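This is input.txt. It holds compact mmCIF, C-alpha atoms.
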```
# COMPACT_ATOMS: atom_id res chain seq x y z
CA PRO A 17 1.48 26.06 -1.52
CA ARG A 18 -0.17 22.80 -2.48
CA ARG A 19 -3.08 21.05 -0.81
CA GLN A 20 -0.79 18.31 0.44
CA PRO A 21 3.00 18.07 0.59
CA LEU A 22 3.33 14.50 -0.72
CA HIS A 23 1.50 12.71 -3.52
CA PRO A 24 -0.18 15.96 -4.67
CA ARG A 25 -1.53 14.46 -7.90
CA GLY A 26 -2.68 10.98 -8.66
CA ARG A 27 -5.14 8.79 -10.47
CA THR A 28 -7.98 7.17 -8.51
CA ARG A 29 -9.55 4.04 -9.99
CA ARG A 30 -12.13 1.49 -9.04
CA ALA A 31 -10.51 -1.87 -8.44
CA THR A 32 -11.13 -5.41 -7.25
CA TRP A 33 -9.17 -7.00 -4.38
CA ARG A 34 -8.99 -10.70 -5.31
CA VAL A 35 -7.65 -13.06 -2.61
CA HIS A 36 -6.40 -16.39 -4.00
CA ALA A 37 -4.34 -17.58 -1.01
CA ALA A 38 -6.56 -17.05 2.03
CA TRP A 39 -4.80 -16.44 5.34
CA PRO A 40 -7.54 -16.67 8.00
CA GLU A 41 -5.12 -17.48 10.83
CA SER A 42 -3.60 -13.98 10.48
CA GLY A 43 -6.81 -12.29 11.63
CA ILE A 44 -6.49 -9.80 8.76
CA ALA A 45 -9.97 -9.35 7.29
CA ALA A 46 -8.63 -8.45 3.83
CA PHE A 47 -6.84 -11.83 3.59
CA ALA A 48 -9.30 -13.98 5.55
CA ALA A 49 -11.10 -15.69 2.67
CA ALA A 50 -10.68 -16.23 -1.06
CA GLY A 51 -12.90 -14.03 -3.18
CA ASP A 52 -13.40 -10.55 -4.56
CA THR A 53 -13.89 -7.25 -2.74
CA PRO A 54 -14.29 -3.81 -4.33
CA VAL A 55 -11.61 -1.28 -3.37
CA LEU A 56 -10.42 2.12 -4.52
CA ALA A 57 -6.86 2.42 -5.80
CA ARG A 58 -4.80 5.58 -6.23
CA THR A 59 -1.46 5.74 -8.00
CA SER A 60 0.76 8.77 -7.61
CA ARG A 61 4.28 10.13 -7.51
CA ALA A 62 5.46 11.31 -4.08
CA VAL A 63 6.92 14.71 -4.89
CA GLY A 64 5.04 15.16 -8.14
CA LEU A 65 8.15 15.66 -10.26
CA PRO A 66 7.48 15.93 -13.98
CA GLU A 67 8.06 12.86 -16.12
CA PRO A 68 10.59 11.48 -17.09
CA LEU A 69 12.32 12.38 -13.79
CA PRO A 70 12.45 9.59 -11.18
CA ASP A 71 10.19 9.93 -8.14
CA VAL A 72 8.97 7.65 -5.35
CA THR A 73 5.99 5.74 -6.70
CA GLY A 74 2.91 5.52 -4.48
CA LEU A 75 -0.05 3.16 -4.43
CA ALA A 76 -2.94 3.49 -1.99
CA LEU A 77 -5.74 0.94 -1.57
CA ARG A 78 -8.90 1.83 0.37
CA PHE A 79 -11.27 -0.85 1.58
CA ALA A 80 -15.03 -0.43 2.08
CA GLU A 81 -14.73 -0.28 5.88
CA GLY A 82 -12.37 2.68 5.46
CA GLY A 83 -9.07 0.93 6.16
CA ALA A 84 -6.22 1.63 3.77
CA LEU A 85 -2.88 0.19 2.74
CA LEU A 86 -0.35 2.71 1.46
CA PHE A 87 2.68 1.55 -0.50
CA ALA A 88 5.83 3.31 -1.69
CA SER A 89 8.56 2.16 -4.05
CA THR A 90 11.26 0.29 -2.11
CA GLY A 91 13.31 -2.88 -2.37
CA THR A 92 12.17 -6.26 -1.09
CA GLY A 93 15.18 -7.44 0.93
CA PRO A 94 15.27 -7.41 4.73
CA CYS A 95 16.85 -3.92 4.75
CA THR A 96 15.84 -2.47 1.38
CA ARG A 97 12.12 -2.90 2.05
CA ARG A 98 12.59 -0.05 4.58
CA LEU A 99 14.27 2.32 2.09
CA LEU A 100 12.44 4.57 -0.36
CA ALA A 101 13.60 4.10 -3.95
CA PRO A 102 12.79 6.63 -6.69
CA ARG A 103 11.59 5.06 -9.93
CA VAL A 104 11.20 6.22 -13.49
CA PRO A 105 7.58 6.44 -14.71
CA GLY A 106 6.16 3.07 -15.74
CA ALA A 107 8.66 0.99 -13.75
CA VAL A 108 7.27 -2.25 -12.29
CA ASP A 109 9.69 -2.37 -9.40
CA PRO A 110 8.40 -3.38 -5.95
CA LEU A 111 6.49 -1.32 -3.44
CA THR A 112 5.97 -2.02 0.27
CA THR A 113 4.21 -0.47 3.24
CA LEU A 114 7.75 0.68 4.15
CA LEU A 115 7.25 -0.15 7.82
CA PRO A 116 5.91 -3.41 9.21
CA LEU A 117 2.35 -3.62 10.43
CA HIS A 118 1.22 -6.08 13.08
CA CYS A 119 -1.35 -8.85 13.07
CA ARG A 120 -2.11 -11.50 15.67
CA LEU A 121 0.70 -13.69 14.26
CA GLY A 122 3.42 -11.02 14.51
CA ALA A 123 5.02 -8.29 12.39
CA VAL A 124 3.93 -8.38 8.76
CA ASP A 125 5.23 -6.53 5.74
CA VAL A 126 2.85 -6.07 2.85
CA GLY A 127 4.31 -5.67 -0.62
CA ALA A 128 2.95 -4.89 -4.06
CA GLN A 129 4.17 -5.39 -7.60
CA VAL A 130 2.34 -3.38 -10.27
CA ARG A 131 2.11 -5.10 -13.64
CA GLY A 132 -0.05 -3.07 -15.98
CA ASP A 133 -3.62 -3.13 -14.65
CA GLU A 134 -2.87 -5.85 -12.12
CA VAL A 135 -1.12 -5.54 -8.76
CA TRP A 136 0.29 -8.61 -7.02
CA ILE A 137 -0.06 -8.39 -3.23
CA LEU A 138 2.52 -10.20 -1.09
CA THR A 139 3.02 -10.66 2.64
CA SER A 140 6.12 -11.41 4.70
CA LEU A 141 5.64 -12.53 8.29
CA ASP A 142 8.43 -11.57 10.73
CA GLY A 143 10.88 -10.85 7.89
CA GLY A 144 10.40 -14.27 6.31
CA PRO A 145 9.88 -15.07 2.64
CA TRP A 146 7.31 -13.20 0.58
CA VAL A 147 4.04 -15.10 0.01
CA ASP A 148 1.75 -14.25 -2.92
CA ARG A 149 -1.72 -13.70 -1.40
CA ALA A 150 -3.89 -11.57 -3.66
CA ARG A 151 -4.24 -9.56 -6.83
CA VAL A 152 -5.74 -6.14 -7.32
CA VAL A 153 -7.34 -5.71 -10.71
CA LEU A 154 -7.42 -2.03 -11.61
CA GLY A 155 -10.54 -0.78 -13.38
CA GLY A 156 -11.79 2.49 -14.75
CA PRO A 157 -11.52 5.95 -13.25
CA ALA A 158 -13.32 6.64 -9.98
CA ASP A 159 -14.70 10.15 -9.98
CA VAL A 160 -14.64 10.47 -6.20
CA VAL A 161 -12.67 12.38 -3.62
CA VAL A 162 -11.49 9.95 -0.97
CA ARG A 163 -9.07 10.07 1.93
CA PHE A 164 -6.52 7.30 2.24
CA ASP A 165 -5.78 7.38 5.98
CA PRO A 166 -2.24 6.02 6.47
CA LEU A 167 -2.80 5.40 10.17
CA ARG A 168 -5.93 3.27 9.70
CA PRO A 169 -5.04 -0.05 8.04
CA PRO A 170 -7.59 -2.77 7.25
CA VAL A 171 -9.25 -4.64 10.13
CA GLY A 172 -6.82 -7.07 11.79
CA LEU A 173 -3.73 -4.96 11.05
CA TRP A 174 -2.29 -2.22 13.24
CA TRP A 175 0.76 -0.02 13.49
CA SER A 176 3.01 -0.16 16.53
CA ASP A 177 2.35 2.56 19.13
CA PHE A 178 5.81 3.97 18.36
CA TRP A 179 5.03 4.52 14.66
CA VAL A 180 1.61 5.98 15.36
CA ALA A 181 3.19 8.46 17.78
CA ALA A 182 5.97 9.29 15.30
CA ARG A 183 3.83 9.55 12.16
CA GLY A 184 0.57 10.91 13.59
CA PRO A 185 1.69 14.54 14.08
CA ALA A 186 3.33 14.66 10.64
CA TYR A 187 0.17 13.44 8.90
CA ALA A 188 -1.99 15.82 10.93
CA LEU A 189 0.12 18.75 9.73
CA ALA A 190 0.04 17.55 6.13
```

Produce structure tokens that represent the structure in this file.
Amino acid sequence: PRRQPLHPRGRTRRATWRVHAAWPESGIAAFAAAGDTPVLARTSRAVGLPEPLPDVTGLALRFAEGGALLFASTGTGPCTRRLLAPRVPGAVDPLTTLLPLHCRLGAVDVGAQVRGDEVWILTSLDGGPWVDRARVVLGGPADVVVRFDPLRPPVGLWWSDFWVAARGPAYALA
């Protein structure tokens, strides 16, 4: 038995969340103003299969207030952003939060595109076009043990009651 069933091994790094297209009307604190914020980033493979086998790629970002965004490799289309997609190691294919979150403007998908030590952060409001909002600049290793709580997103974002009820017990068991 492993400590956790998914994403058993990963690499945690210090990072900078850099907003370049502020979105204050959304009410999402992480996108409210242009500027830099320190975050922790963890990259991992979902099942932990050995390379070069494909696996679902994971990226977790934890903000200072404790909120986190968790991404998995998916597509970016209206349907494919809801489907997990295994990737070969080093692929720069898209990741999303898999399920939409909610903000005061409506349902919002958050996407990520890893390009070396930089991650482009995109949003899509109510299934509309993707908008480039921020970059995450990955830094050196972070020698810390940190929990990335999938049910606690950054301030101004929330999961629907249905998804909290459906996912909560599974995460508690894990």

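Distances here use all atoms listed in the file; by that measure, the residue among A:Gly122, A:Gly127, A:Gly82, A:Gly144 closest to A:Trp175 is A:Gly122.
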
> What is the distance, in Å and to one decimal place, between atom CA of A:Gly106 and atom CA of A:Ala46?
Replying inline: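 Going from atom CA of A:Gly106 over to atom CA of A:Ala46, I get 27.1 Å.
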
> Closest to A:Phe178 among A:Leu115, A:Ala48, A:Val126, A:Ala37, using all atoms listed in the file?
Replying inline: A:Leu115

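Excluding stretch 87-90 of chain A itself and same-chain residues fewer than 4 positions from it, the residues having an atom within 6 Å of it are Val72, Thr73, Gly74, Leu75, Arg97, Leu99, Leu100, Ala101, Pro110, Leu111, Thr112 and Thr113 of chain A, counting only C-alpha atoms.
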
> Could you work out how far atom CA of A:Phe47 lies from atom CA of A:Ala181, giving the answer in Å with one decimal?
Replying inline: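 Interatomic distance, atom CA of A:Ala181 to atom CA of A:Phe47: 26.7 Å.
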
Quick one: residues within 12 Å of stretch 55-57 of chain A, only C-alpha atoms counted, chain neighbours fewer than 2 positions away excluded, as a short mmCIF file (atom, residue, chain, number, x, y, z; two decimals) with C-alpha atoms, in the coordinates of the input?
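The resulting selection_17.cif:
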```
data_model
loop_
_atom_site.label_atom_id
_atom_site.label_comp_id
_atom_site.auth_asym_id
_atom_site.auth_seq_id
_atom_site.Cartn_x
_atom_site.Cartn_y
_atom_site.Cartn_z
CA GLY A 26 -2.68 10.98 -8.66
CA ARG A 27 -5.14 8.79 -10.47
CA THR A 28 -7.98 7.17 -8.51
CA ARG A 29 -9.55 4.04 -9.99
CA ARG A 30 -12.13 1.49 -9.04
CA ALA A 31 -10.51 -1.87 -8.44
CA THR A 32 -11.13 -5.41 -7.25
CA TRP A 33 -9.17 -7.00 -4.38
CA ARG A 34 -8.99 -10.70 -5.31
CA ALA A 46 -8.63 -8.45 3.83
CA ASP A 52 -13.40 -10.55 -4.56
CA THR A 53 -13.89 -7.25 -2.74
CA THR A 59 -1.46 5.74 -8.00
CA SER A 60 0.76 8.77 -7.61
CA GLY A 74 2.91 5.52 -4.48
CA LEU A 75 -0.05 3.16 -4.43
CA ALA A 76 -2.94 3.49 -1.99
CA LEU A 77 -5.74 0.94 -1.57
CA ARG A 78 -8.90 1.83 0.37
CA PHE A 79 -11.27 -0.85 1.58
CA ALA A 80 -15.03 -0.43 2.08
CA GLU A 81 -14.73 -0.28 5.88
CA GLY A 82 -12.37 2.68 5.46
CA GLY A 83 -9.07 0.93 6.16
CA ALA A 84 -6.22 1.63 3.77
CA LEU A 85 -2.88 0.19 2.74
CA LEU A 86 -0.35 2.71 1.46
CA PHE A 87 2.68 1.55 -0.50
CA VAL A 130 2.34 -3.38 -10.27
CA ASP A 133 -3.62 -3.13 -14.65
CA GLU A 134 -2.87 -5.85 -12.12
CA VAL A 135 -1.12 -5.54 -8.76
CA ARG A 151 -4.24 -9.56 -6.83
CA VAL A 152 -5.74 -6.14 -7.32
CA VAL A 153 -7.34 -5.71 -10.71
CA LEU A 154 -7.42 -2.03 -11.61
CA GLY A 155 -10.54 -0.78 -13.38
CA GLY A 156 -11.79 2.49 -14.75
CA PRO A 157 -11.52 5.95 -13.25
CA ALA A 158 -13.32 6.64 -9.98
CA ASP A 159 -14.70 10.15 -9.98
CA VAL A 160 -14.64 10.47 -6.20
CA VAL A 161 -12.67 12.38 -3.62
CA VAL A 162 -11.49 9.95 -0.97
CA ARG A 163 -9.07 10.07 1.93
CA PHE A 164 -6.52 7.30 2.24
CA PRO A 170 -7.59 -2.77 7.25
#
```

> Which one of A:Val171, A:Val35, A:Val147, A:Ala107 sits closest to A:Ala49 if you count only C-alpha atoms?
Replying inline: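 Of A:Val171, A:Val35, A:Val147, A:Ala107, the one nearest A:Ala49 is A:Val35, counting only C-alpha atoms.
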
> Could you state the separation of atom CA of A:Val108 and atom CA of A:Trp136 in Å, given to one decimal place?
Replying inline: 10.8 Å

> For A:Arg149, which residue out of A:Leu121, A:Leu167, A:Ala128, A:Gly91 is the nearest one, using all atoms listed in the file?
Replying inline: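 Counting all atoms listed in the file, the residue closest to A:Arg149 is A:Ala128.
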
> Given the choices A:Asp148, A:Ile44, A:Val180, A:Val63, which gets closest to A:Arg168 if the distance is worked out from all atoms listed in the file?
Replying inline: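 Residue with the minimum atom-to-atom distance to A:Arg168: A:Val180.
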
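Proximity ranking of A:Asp109, A:Trp146, A:Cys119, A:Trp39 relative to A:Gly132 places A:Asp109 first, based on all atoms listed in the file.
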
Please supply stretch 32-64 of chain A, rebuilt with N, CA and C atoms, as an mmCIF file, keeping the file's coordinate frame.
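Printed below is part35.cif as written:
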```
data_model
loop_
_atom_site.group_PDB
_atom_site.id
_atom_site.type_symbol
_atom_site.label_atom_id
_atom_site.label_comp_id
_atom_site.auth_asym_id
_atom_site.auth_seq_id
_atom_site.Cartn_x
_atom_site.Cartn_y
_atom_site.Cartn_z
ATOM 1 N N THR A 32 -10.655 -4.204 -7.933
ATOM 2 C CA THR A 32 -11.130 -5.410 -7.250
ATOM 3 C C THR A 32 -9.966 -6.055 -6.529
ATOM 4 N N TRP A 33 -10.127 -6.279 -5.226
ATOM 5 C CA TRP A 33 -9.170 -7.000 -4.380
ATOM 6 C C TRP A 33 -9.554 -8.466 -4.489
ATOM 7 N N ARG A 34 -8.672 -9.301 -5.033
ATOM 8 C CA ARG A 34 -8.990 -10.700 -5.310
ATOM 9 C C ARG A 34 -8.020 -11.608 -4.538
ATOM 10 N N VAL A 35 -8.484 -12.171 -3.426
ATOM 11 C CA VAL A 35 -7.650 -13.060 -2.610
ATOM 12 C C VAL A 35 -7.668 -14.459 -3.223
ATOM 13 N N HIS A 36 -6.486 -15.021 -3.488
ATOM 14 C CA HIS A 36 -6.400 -16.390 -4.000
ATOM 15 C C HIS A 36 -5.679 -17.316 -3.027
ATOM 16 N N ALA A 37 -5.003 -16.760 -2.027
ATOM 17 C CA ALA A 37 -4.340 -17.580 -1.010
ATOM 18 C C ALA A 37 -4.796 -17.061 0.359
ATOM 19 N N ALA A 38 -5.969 -17.519 0.775
ATOM 20 C CA ALA A 38 -6.560 -17.050 2.030
ATOM 21 C C ALA A 38 -5.604 -17.284 3.198
ATOM 22 N N TRP A 39 -5.668 -16.400 4.170
ATOM 23 C CA TRP A 39 -4.800 -16.440 5.340
ATOM 24 C C TRP A 39 -5.628 -16.137 6.589
ATOM 25 N N PRO A 40 -6.631 -16.961 6.887
ATOM 26 C CA PRO A 40 -7.540 -16.670 8.000
ATOM 27 C C PRO A 40 -6.851 -16.635 9.355
ATOM 28 N N GLU A 41 -5.792 -17.437 9.537
ATOM 29 C CA GLU A 41 -5.120 -17.480 10.830
ATOM 30 C C GLU A 41 -4.440 -16.158 11.197
ATOM 31 N N SER A 42 -4.246 -15.274 10.217
ATOM 32 C CA SER A 42 -3.600 -13.980 10.480
ATOM 33 C C SER A 42 -4.540 -13.020 11.203
ATOM 34 N N GLY A 43 -5.850 -13.217 11.054
ATOM 35 C CA GLY A 43 -6.810 -12.290 11.630
ATOM 36 C C GLY A 43 -7.003 -11.030 10.801
ATOM 37 N N ILE A 44 -6.373 -10.956 9.639
ATOM 38 C CA ILE A 44 -6.490 -9.800 8.760
ATOM 39 C C ILE A 44 -7.700 -9.999 7.854
ATOM 40 N N ALA A 45 -8.726 -9.169 8.036
ATOM 41 C CA ALA A 45 -9.970 -9.350 7.290
ATOM 42 C C ALA A 45 -9.753 -9.366 5.787
ATOM 43 N N ALA A 46 -8.854 -8.543 5.275
ATOM 44 C CA ALA A 46 -8.630 -8.450 3.830
ATOM 45 C C ALA A 46 -8.064 -9.739 3.238
ATOM 46 N N PHE A 47 -7.427 -10.575 4.067
ATOM 47 C CA PHE A 47 -6.840 -11.830 3.590
ATOM 48 C C PHE A 47 -7.569 -13.061 4.121
ATOM 49 N N ALA A 48 -8.665 -12.883 4.829
ATOM 50 C CA ALA A 48 -9.300 -13.980 5.550
ATOM 51 C C ALA A 48 -9.885 -15.072 4.658
ATOM 52 N N ALA A 49 -10.437 -14.700 3.515
ATOM 53 C CA ALA A 49 -11.100 -15.690 2.670
ATOM 54 C C ALA A 49 -10.859 -15.379 1.196
ATOM 55 N N ALA A 50 -10.816 -16.420 0.387
ATOM 56 C CA ALA A 50 -10.680 -16.230 -1.060
ATOM 57 C C ALA A 50 -11.940 -15.547 -1.581
ATOM 58 N N GLY A 51 -11.759 -14.717 -2.572
ATOM 59 C CA GLY A 51 -12.900 -14.030 -3.180
ATOM 60 C C GLY A 51 -12.558 -12.607 -3.550
ATOM 61 N N ASP A 52 -13.565 -11.909 -4.052
ATOM 62 C CA ASP A 52 -13.400 -10.550 -4.560
ATOM 63 C C ASP A 52 -14.051 -9.520 -3.643
ATOM 64 N N THR A 53 -13.393 -8.379 -3.521
ATOM 65 C CA THR A 53 -13.890 -7.250 -2.740
ATOM 66 C C THR A 53 -13.610 -5.977 -3.518
ATOM 67 N N PRO A 54 -14.586 -5.075 -3.653
ATOM 68 C CA PRO A 54 -14.290 -3.810 -4.330
ATOM 69 C C PRO A 54 -13.427 -2.912 -3.442
ATOM 70 N N VAL A 55 -12.477 -2.237 -4.062
ATOM 71 C CA VAL A 55 -11.610 -1.280 -3.370
ATOM 72 C C VAL A 55 -11.418 -0.079 -4.290
ATOM 73 N N LEU A 56 -10.867 0.981 -3.729
ATOM 74 C CA LEU A 56 -10.420 2.120 -4.520
ATOM 75 C C LEU A 56 -8.902 2.093 -4.527
ATOM 76 N N ALA A 57 -8.312 2.411 -5.666
ATOM 77 C CA ALA A 57 -6.860 2.420 -5.800
ATOM 78 C C ALA A 57 -6.425 3.789 -6.317
ATOM 79 N N ARG A 58 -5.342 4.309 -5.755
ATOM 80 C CA ARG A 58 -4.800 5.580 -6.230
ATOM 81 C C ARG A 58 -3.309 5.409 -6.481
ATOM 82 N N THR A 59 -2.885 5.752 -7.680
ATOM 83 C CA THR A 59 -1.460 5.740 -8.000
ATOM 84 C C THR A 59 -0.992 7.189 -8.079
ATOM 85 N N SER A 60 0.240 7.415 -7.641
ATOM 86 C CA SER A 60 0.760 8.770 -7.610
ATOM 87 C C SER A 60 2.278 8.751 -7.556
ATOM 88 N N ARG A 61 2.843 9.936 -7.672
ATOM 89 C CA ARG A 61 4.280 10.130 -7.510
ATOM 90 C C ARG A 61 4.442 11.020 -6.288
ATOM 91 N N ALA A 62 5.365 10.673 -5.396
ATOM 92 C CA ALA A 62 5.460 11.310 -4.080
ATOM 93 C C ALA A 62 5.642 12.822 -4.133
ATOM 94 N N VAL A 63 6.629 13.281 -4.868
ATOM 95 C CA VAL A 63 6.920 14.710 -4.890
ATOM 96 C C VAL A 63 6.164 15.385 -6.028
ATOM 97 N N GLY A 64 5.757 14.613 -7.001
ATOM 98 C CA GLY A 64 5.040 15.160 -8.140
ATOM 99 C C GLY A 64 5.972 15.729 -9.196
#
```
